[in-house]
Amino acid sequence: MGEGAGAFVAWLGASLVVLSDGRRGLALGVLLAGAGVAVVAFPTAGLGGSAALAVGGLVAATGRLVAGPPGWAILPAGSTPRLVLCIAGGLVALWVGLGVTSGDGASLRFGVISTIGFGAARVLSSHDQSVVLSALALISLAVGAAVGLAAPGSGVVPYVAAAVIAAGSAWIPIKAPSAA
Amino acid sequence: MQPEAVELVALALAALVLVLAFAPVGASRRALLAKGGAGVAGTAAVVAAPAFDIALLVMLALALLHAAIEGRRSFAARLRLPVLAVALLALAAVFARVEGPDVLHRFAAVGFAAGLAAALGLLPYIHTFEPEEQVTSSPVAWLGFVGPAVATVVVADAQGLLTADAGAVFSAVLLGLGLLNMAWGSIATWLTENDAAAWRYSFIADWGLVLSGFGITLADGQRASLIVLFAIVLGRLPLYITSRNAVRDKVKTERPINLLVAAALAGSAPFAGFSARVLLLRGATQLYWPLALVLAAGMLLWLPGSLRLGRSLGVPRGRQAVAVAIVLAISVAVGLYPLPLLTVARM
């Protein structure tokens with residue numbers, strides 16, 4: 001039950017990153033996705049790994065709050081295709097995670113597939129650096145959680161590495177493009 | 001750790017030393033050392049990663065750092081495709097690991113090949129290119145410096161994760177991408193207007209050979225790939241850096257040195273590219289002989305583009321001339337006797 005809720009929260013967070021252009025919306029999306037991914041990863045990552053993912057999401061969300069376009073900017077004009085992507089993509093991830101694949105960890109599969117898929121879609125659809133960095137944070141956290149699909153109980157190092165990259169992405173100094 | 005990947009990291013380090021020692025006048029050696037050193041360290045970390053997921057995370061960090069350094073392209077433009085690559089590779093790894101129907105594992109094979117192309121900046125995921133941008137911040141850093149070792153790791157890990165059936169699909173997709181990049185890269189090298197862009201396309205053409213070699217799962221294909229990767233890291237990349245001033249000044253010369261460089265870039269005997277091409281054709285003949293015909297036809301397309309690139313080098317003088325001489329000498333040595341290069345990689 002808890003894992004299912006975590007998978008839904010991860011999808012909701014990733015969807016918010018897809019649907020938002022403002023710093024508050026992006027920060028909330030990263031925070032929710034980090035928390036959801038941490039919950040679905042808990043059975044394989046353990047307390048240490050899950051806590052690392054959650055903290056990584058929290059730090060990335062905090063960093064997102066201090067940079068980027070102001071406000072929420074959730075569902076700005078012309079965002080119908082994004083909304084369709086969130087619903088249709090979520091259904092496809094659910095179908096693959098629960099119907100096509102088998103074995104334990106359906107919530108983890110759904111959470112990882114939807115978060116990585118939405119992150120990749122967002123990276124391709126925006127030129128804004130705060131959006132691209134939010135998507136990078138999502139992908140980093142989901143790649144960390146996916147370690148549980150390969151080698152459950154593989155230690156906390158991969159989760160910490162994923163969290164550090166997600167958190168660092170929000171605080172890294174970026175130089176403006178030099179003039180031509 | 002893959003021995004060939006370790007060898008490619010060592011070659012990247014050697015290329016960095018060569019470039020630092022013979023850097024063009026006006027180039028900041030300290031900046032080159034910092035950026036190049038970070039690139040080598042990141043590449044080594046990808047190679048040394050104990051699991052594929054950790055290698056992906058290191059690639060993500062490397063992409064982030066590369067996008068954050070000063071350059072002509074926007075941050076988002078530089079970061080977008082490497083992040084997409086990591087996403088594709090991660091999804092492919094998920095599909096390869098879960099229990100499910102065969103078609104899911106075939107999707108994984110396609111994902112691995114697509115992710116590899118996106119990471120390197122090959123068709124159909126060519127990175128945006130700014131001719132005046134510094135090499136360290138341009139897509140050439142992925143094509144010629146970081147990419148060779150990273151690609152070796154990705155291909156080896158993908159083959160380890162995929163089933164036999166999906167592995168065959170992976171090889172077929174690599175072969176298809178290889179032929180596409182060979183044709184597109186070599187024709188664009190010949191016909192594109194800008195000389196710097198022509199150099200970038202020539203890297204893509206060489207990567208076509210590498211992907212074809214990876215796709216030919218026989219030993220000769222793997223050996224050919226390694227030699228072409230050597231020719232990229234310690235041949236094409238230093239020559240491209242040497243040509244930058246002449247390309248910027250639009251100087252074109254037709255001296256013997258330009259013809260020699262053109263021959264090396266085209267993979268003529270006795271340079272390293274020639275032995276790679278022979279091995280590739282031999283492997284293709286063993287696998288499916290019509291493939292060798294297609295590859296041979298594709299290899300002819302290198303000639304006009306390489307003549308153009310050779311002319312764009314200008315007349316190297318002083319340190320530049322020494323650097324060109326060293327690169328050509330190493331290429332001849334490996335072309336005549338590639339065994340040490342292959343032995344170190346246990347091939």
# chains A, B, ... in the order shown; residues from 1 in each chain; ligands from 1

$ interface_residues --of "chain B" --to "chain A" --cutoff "9 Å" --atoms "only C-alpha atoms" --output "PDB file with C-alpha atoms, in the first residue's frame"
ATOM      1  CA  ALA B  51      28.039  -1.238 -11.842  1.00  0.00           C
ATOM      2  CA  ASP B  53      23.990   2.350 -12.921  1.00  0.00           C
ATOM      3  CA  ILE B  54      26.929   4.019 -11.207  1.00  0.00           C
ATOM      4  CA  LEU B  56      25.405   6.250 -15.746  1.00  0.00           C
ATOM      5  CA  LEU B  57      25.441   8.524 -12.707  1.00  0.00           C
ATOM      6  CA  VAL B  58      29.068   9.436 -13.377  1.00  0.00           C
ATOM      7  CA  LEU B  60      25.392  12.473 -15.722  1.00  0.00           C
ATOM      8  CA  ALA B  61      27.846  14.315 -13.476  1.00  0.00           C
ATOM      9  CA  LEU B  64      26.655  18.533 -15.956  1.00  0.00           C
ATOM     10  CA  LEU B  65      30.237  19.701 -15.469  1.00  0.00           C
ATOM     11  CA  ALA B  67      27.723  21.977 -19.732  1.00  0.00           C
ATOM     12  CA  ALA B  68      28.662  24.309 -16.885  1.00  0.00           C
ATOM     13  CA  ILE B  69      31.999  25.443 -18.370  1.00  0.00           C
ATOM     14  CA  GLU B  70      32.100  28.558 -20.515  1.00  0.00           C
ATOM     15  CA  GLY B  71      31.076  28.098 -24.136  1.00  0.00           C
ATOM     16  CA  ARG B  72      29.195  29.590 -27.057  1.00  0.00           C
ATOM     17  CA  ARG B  73      26.155  27.325 -26.794  1.00  0.00           C
ATOM     18  CA  SER B  74      23.564  27.706 -24.066  1.00  0.00           C
ATOM     19  CA  PHE B  75      23.734  25.517 -20.984  1.00  0.00           C
ATOM     20  CA  ALA B  76      20.499  23.737 -21.882  1.00  0.00           C
ATOM     21  CA  ALA B  77      21.671  23.062 -25.443  1.00  0.00           C
ATOM     22  CA  LEU B  79      23.171  19.372 -21.444  1.00  0.00           C
ATOM     23  CA  ARG B  80      20.069  18.178 -23.270  1.00  0.00           C
ATOM     24  CA  LEU B  81      21.366  15.238 -25.313  1.00  0.00           C
ATOM     25  CA  VAL B  83      20.900  13.749 -20.215  1.00  0.00           C
ATOM     26  CA  LEU B  84      18.629  12.144 -22.798  1.00  0.00           C
ATOM     27  CA  ALA B  85      21.358   9.562 -23.370  1.00  0.00           C
ATOM     28  CA  VAL B  86      21.480   8.666 -19.690  1.00  0.00           C
ATOM     29  CA  ALA B  87      17.686   8.429 -19.595  1.00  0.00           C
ATOM     30  CA  LEU B  88      17.619   6.107 -22.623  1.00  0.00           C
ATOM     31  CA  ALA B  90      18.759   3.749 -17.816  1.00  0.00           C
ATOM     32  CA  LEU B  91      15.405   2.745 -19.328  1.00  0.00           C
ATOM     33  CA  ALA B  93      18.882  -1.259 -18.402  1.00  0.00           C
ATOM     34  CA  VAL B  94      15.519  -1.462 -16.609  1.00  0.00           C
ATOM     35  CA  PHE B  95      13.923  -3.284 -19.563  1.00  0.00           C
ATOM     36  CA  ARG B  97      16.743  -6.583 -16.155  1.00  0.00           C
ATOM     37  CA  VAL B  98      13.037  -7.105 -15.531  1.00  0.00           C
ATOM     38  CA  GLU B  99      11.182 -10.331 -16.177  1.00  0.00           C
ATOM     39  CA  GLY B 100       9.000  -9.981 -19.231  1.00  0.00           C
ATOM     40  CA  PRO B 101       8.443 -10.926 -22.855  1.00  0.00           C
ATOM     41  CA  LEU B 104      10.842  -5.905 -23.952  1.00  0.00           C
ATOM     42  CA  GLU B 132      33.952  29.112 -33.094  1.00  0.00           C
ATOM     43  CA  GLU B 133      33.445  27.308 -29.779  1.00  0.00           C
TER      44      GLU B 133
END

$ residues_around --residues "Pro70 in chain A" --least-positions-apart "4" --cutoff "10 Å" --atoms "only C-alpha atoms" --output "PDB file with C-alpha atoms, in the first residue's frame"
ATOM      1  CA  ASP A  21       7.609  26.491 -15.947  1.00  0.00           C
ATOM      2  CA  GLY A  22       7.997  28.429 -12.680  1.00  0.00           C
ATOM      3  CA  ARG A  23      10.472  27.812  -9.874  1.00  0.00           C
ATOM      4  CA  ARG A  24       7.848  26.943  -7.271  1.00  0.00           C
ATOM      5  CA  GLY A  25       6.137  24.378  -9.468  1.00  0.00           C
ATOM      6  CA  LEU A  65      13.345  27.591  -5.331  1.00  0.00           C
ATOM      7  CA  VAL A  66      16.069  30.217  -5.475  1.00  0.00           C
TER       8      VAL A  66
END

$ residues_around --residues "Ala51 in chain A" --least-positions-apart "6" --cutoff "12 Å" --atoms "only C-alpha atoms" --output "PyMOL selection string"
chain A and resi 34-42+45+57-58+141+145+156+159-160+162-163

$ residues_around --residues "Gly29 in chain A" --least-positions-apart "4" --cutoff "8 Å" --atoms "only C-alpha atoms" --output "list in words"
Leu12, Gly13, Ala14, Ser15, Leu16, Val17, Gly25, Ala33 and Ala61 of chain A

$ select_by_dssp --residues "range 32-218 of chain B" --states "helix (DSSP H, G or I)" --output "number ranges by chain"
B: 32-48, 52-68, 75-97, 102-120, 135-137, 140-161, 164-191, 195-215

$ write_last_selection --atoms "C-alpha atoms" --output "tab-separated table (two decimals), in the first residue's frame"
chain	number	residue	atom	x	y	z
B	32	LEU	CA	43.35	23.14	-20.94
B	33	LEU	CA	44.91	21.15	-18.11
B	34	ALA	CA	41.98	21.80	-15.76
B	35	LYS	CA	39.26	20.96	-18.28
B	36	GLY	CA	41.12	18.11	-19.94
B	37	GLY	CA	42.18	16.68	-16.59
B	38	ALA	CA	38.59	16.77	-15.36
B	39	GLY	CA	37.53	15.01	-18.56
B	40	VAL	CA	40.12	12.26	-18.12
B	41	ALA	CA	39.21	11.85	-14.44
B	42	GLY	CA	35.50	11.63	-15.28
B	43	THR	CA	36.14	9.13	-18.05
B	44	ALA	CA	38.28	7.03	-15.73
B	45	ALA	CA	35.49	7.10	-13.15
B	46	VAL	CA	33.00	5.81	-15.76
B	47	VAL	CA	35.41	2.99	-16.62
B	48	ALA	CA	36.10	2.17	-12.97
B	52	PHE	CA	26.33	0.11	-14.95
B	53	ASP	CA	23.99	2.35	-12.92
B	54	ILE	CA	26.93	4.02	-11.21
B	55	ALA	CA	28.61	4.51	-14.59
B	56	LEU	CA	25.40	6.25	-15.75
B	57	LEU	CA	25.44	8.52	-12.71
B	58	VAL	CA	29.07	9.44	-13.38
B	59	MET	CA	28.14	10.20	-17.00
B	60	LEU	CA	25.39	12.47	-15.72
B	61	ALA	CA	27.85	14.31	-13.48
B	62	LEU	CA	30.32	14.59	-16.35
B	63	ALA	CA	27.63	16.02	-18.63
B	64	LEU	CA	26.65	18.53	-15.96
B	65	LEU	CA	30.24	19.70	-15.47
B	66	HIS	CA	30.85	19.88	-19.22
B	67	ALA	CA	27.72	21.98	-19.73
B	68	ALA	CA	28.66	24.31	-16.88
B	75	PHE	CA	23.73	25.52	-20.98
B	76	ALA	CA	20.50	23.74	-21.88
B	77	ALA	CA	21.67	23.06	-25.44
B	78	ARG	CA	24.84	21.40	-24.16
B	79	LEU	CA	23.17	19.37	-21.44
B	80	ARG	CA	20.07	18.18	-23.27
B	81	LEU	CA	21.37	15.24	-25.31
B	82	PRO	CA	23.77	13.76	-22.73
B	83	VAL	CA	20.90	13.75	-20.22
B	84	LEU	CA	18.63	12.14	-22.80
B	85	ALA	CA	21.36	9.56	-23.37
B	86	VAL	CA	21.48	8.67	-19.69
B	87	ALA	CA	17.69	8.43	-19.59
B	88	LEU	CA	17.62	6.11	-22.62
B	89	LEU	CA	20.41	3.93	-21.25
B	90	ALA	CA	18.76	3.75	-17.82
B	91	LEU	CA	15.41	2.74	-19.33
B	92	ALA	CA	17.18	0.18	-21.49
B	93	ALA	CA	18.88	-1.26	-18.40
B	94	VAL	CA	15.52	-1.46	-16.61
B	95	PHE	CA	13.92	-3.28	-19.56
B	96	ALA	CA	16.90	-5.63	-19.83
B	97	ARG	CA	16.74	-6.58	-16.15
B	102	ASP	CA	11.26	-11.02	-25.41
B	103	VAL	CA	10.01	-7.88	-27.10
B	104	LEU	CA	10.84	-5.91	-23.95
B	105	HIS	CA	14.45	-7.05	-24.16
B	106	ARG	CA	14.54	-6.05	-27.82
B	107	PHE	CA	13.35	-2.59	-26.79
B	108	ALA	CA	16.24	-2.62	-24.33
B	109	ALA	CA	18.66	-3.36	-27.18
B	110	VAL	CA	17.31	-0.44	-29.20
B	111	GLY	CA	17.50	1.78	-26.10
B	112	PHE	CA	21.15	0.94	-25.52
B	113	ALA	CA	22.05	1.77	-29.12
B	114	ALA	CA	19.99	4.98	-29.12
B	115	GLY	CA	21.46	6.05	-25.78
B	116	LEU	CA	24.96	5.44	-27.05
B	117	ALA	CA	24.32	7.56	-30.15
B	118	ALA	CA	22.81	10.35	-28.03
B	119	ALA	CA	25.75	10.35	-25.62
B	120	LEU	CA	28.29	10.64	-28.40
B	135	VAL	CA	37.14	22.30	-28.30
B	136	THR	CA	36.79	21.70	-24.56
B	137	SER	CA	33.20	22.91	-24.45
B	140	VAL	CA	33.99	17.26	-30.13
B	141	ALA	CA	34.90	16.69	-26.46
B	142	TRP	CA	32.32	13.89	-26.43
B	143	LEU	CA	33.18	12.62	-29.90
B	144	GLY	CA	36.94	12.55	-29.58
B	145	PHE	CA	37.96	12.60	-25.93
B	146	VAL	CA	35.40	11.27	-23.46
B	147	GLY	CA	33.31	9.22	-25.88
B	148	PRO	CA	35.67	6.38	-26.87
B	149	ALA	CA	36.09	4.92	-23.36
B	150	VAL	CA	32.46	5.63	-22.45
B	151	ALA	CA	31.22	3.84	-25.58
B	152	THR	CA	33.37	0.81	-24.82
B	153	VAL	CA	31.89	0.60	-21.32
B	154	VAL	CA	28.32	1.00	-22.57
B	155	VAL	CA	28.69	-1.63	-25.29
B	156	ALA	CA	30.33	-4.15	-22.95
B	157	ASP	CA	27.75	-3.63	-20.21
B	158	ALA	CA	24.87	-3.77	-22.69
B	159	GLN	CA	26.12	-7.07	-24.09
B	160	GLY	CA	26.36	-8.37	-20.53
B	161	LEU	CA	22.80	-7.36	-19.68
B	164	ALA	CA	21.38	-13.71	-26.80
B	165	ASP	CA	18.36	-12.78	-28.94
B	166	ALA	CA	18.37	-9.15	-27.79
B	167	GLY	CA	22.15	-9.08	-28.19
B	168	ALA	CA	21.72	-9.91	-31.87
B	169	VAL	CA	19.23	-7.05	-32.19
B	170	PHE	CA	21.73	-4.73	-30.47
B	171	SER	CA	24.44	-5.72	-32.95
B	172	ALA	CA	22.10	-5.19	-35.90
B	173	VAL	CA	21.07	-1.74	-34.66
B	174	LEU	CA	24.73	-0.80	-34.12
B	175	LEU	CA	25.55	-1.92	-37.66
B	176	GLY	CA	22.67	0.12	-39.07
B	177	LEU	CA	23.66	3.20	-37.09
B	178	GLY	CA	27.28	2.64	-38.14
B	179	LEU	CA	26.46	2.61	-41.84
B	180	LEU	CA	24.19	5.64	-41.48
B	181	ASN	CA	26.86	7.65	-39.65
B	182	MET	CA	29.57	6.56	-42.07
B	183	ALA	CA	27.60	7.75	-45.07
B	184	TRP	CA	26.21	10.93	-43.53
B	185	GLY	CA	29.46	11.90	-41.81
B	186	SER	CA	31.73	11.40	-44.80
B	187	ILE	CA	29.41	13.11	-47.29
B	188	ALA	CA	28.84	16.04	-44.92
B	189	THR	CA	32.61	16.33	-44.35
B	190	TRP	CA	32.98	16.73	-48.09
B	191	LEU	CA	30.06	19.04	-48.82
B	195	ASP	CA	35.64	23.74	-42.33
B	196	ALA	CA	35.18	23.39	-38.55
B	197	ALA	CA	31.84	21.69	-39.15
B	198	ALA	CA	33.56	19.44	-41.70
B	199	TRP	CA	36.01	18.33	-39.01
B	200	ARG	CA	33.11	17.56	-36.66
B	201	TYR	CA	31.38	15.48	-39.35
B	202	SER	CA	34.62	13.59	-39.95
B	203	PHE	CA	34.53	12.43	-36.32
B	204	ILE	CA	30.96	11.21	-36.91
B	205	ALA	CA	32.09	9.27	-39.99
B	206	ASP	CA	34.85	7.60	-37.98
B	207	TRP	CA	32.31	6.69	-35.32
B	208	GLY	CA	30.33	5.00	-38.07
B	209	LEU	CA	33.27	2.63	-38.52
B	210	VAL	CA	33.48	2.09	-34.77
B	211	LEU	CA	29.78	1.24	-34.45
B	212	SER	CA	30.03	-1.10	-37.43
B	213	GLY	CA	32.94	-2.85	-35.74
B	214	PHE	CA	30.99	-3.16	-32.50
B	215	GLY	CA	28.08	-4.57	-34.51

$ closest_residue --among "B:Lys252, B:Asn194, B:Leu260, B:Ala269" --to "Glu130 in chain B" --atoms "only C-alpha atoms"
B:Asn194

$ closest_residue --among "B:Ile257, B:Ile232, B:Ala292, B:Val247" --to "Glu193 in chain B" --atoms "only C-alpha atoms"
B:Val247

$ residues_around --residues "Asp220 in chain B" --least-positions-apart "5" --cutoff "8 Å" --atoms "only C-alpha atoms" --output "PyMOL selection string"
chain B and resi 213+279-280+282-283

$ closest_residue --among "B:Gly235, B:Pro124, B:Pro131, B:Gly310" --to "Glu254 in chain B" --atoms "only C-alpha atoms"
B:Gly310

$ closest_residue --among "A:Val18, A:Leu53, A:Ala67, A:Leu94" --to "Arg82 in chain A" --atoms "only C-alpha atoms"
A:Val18
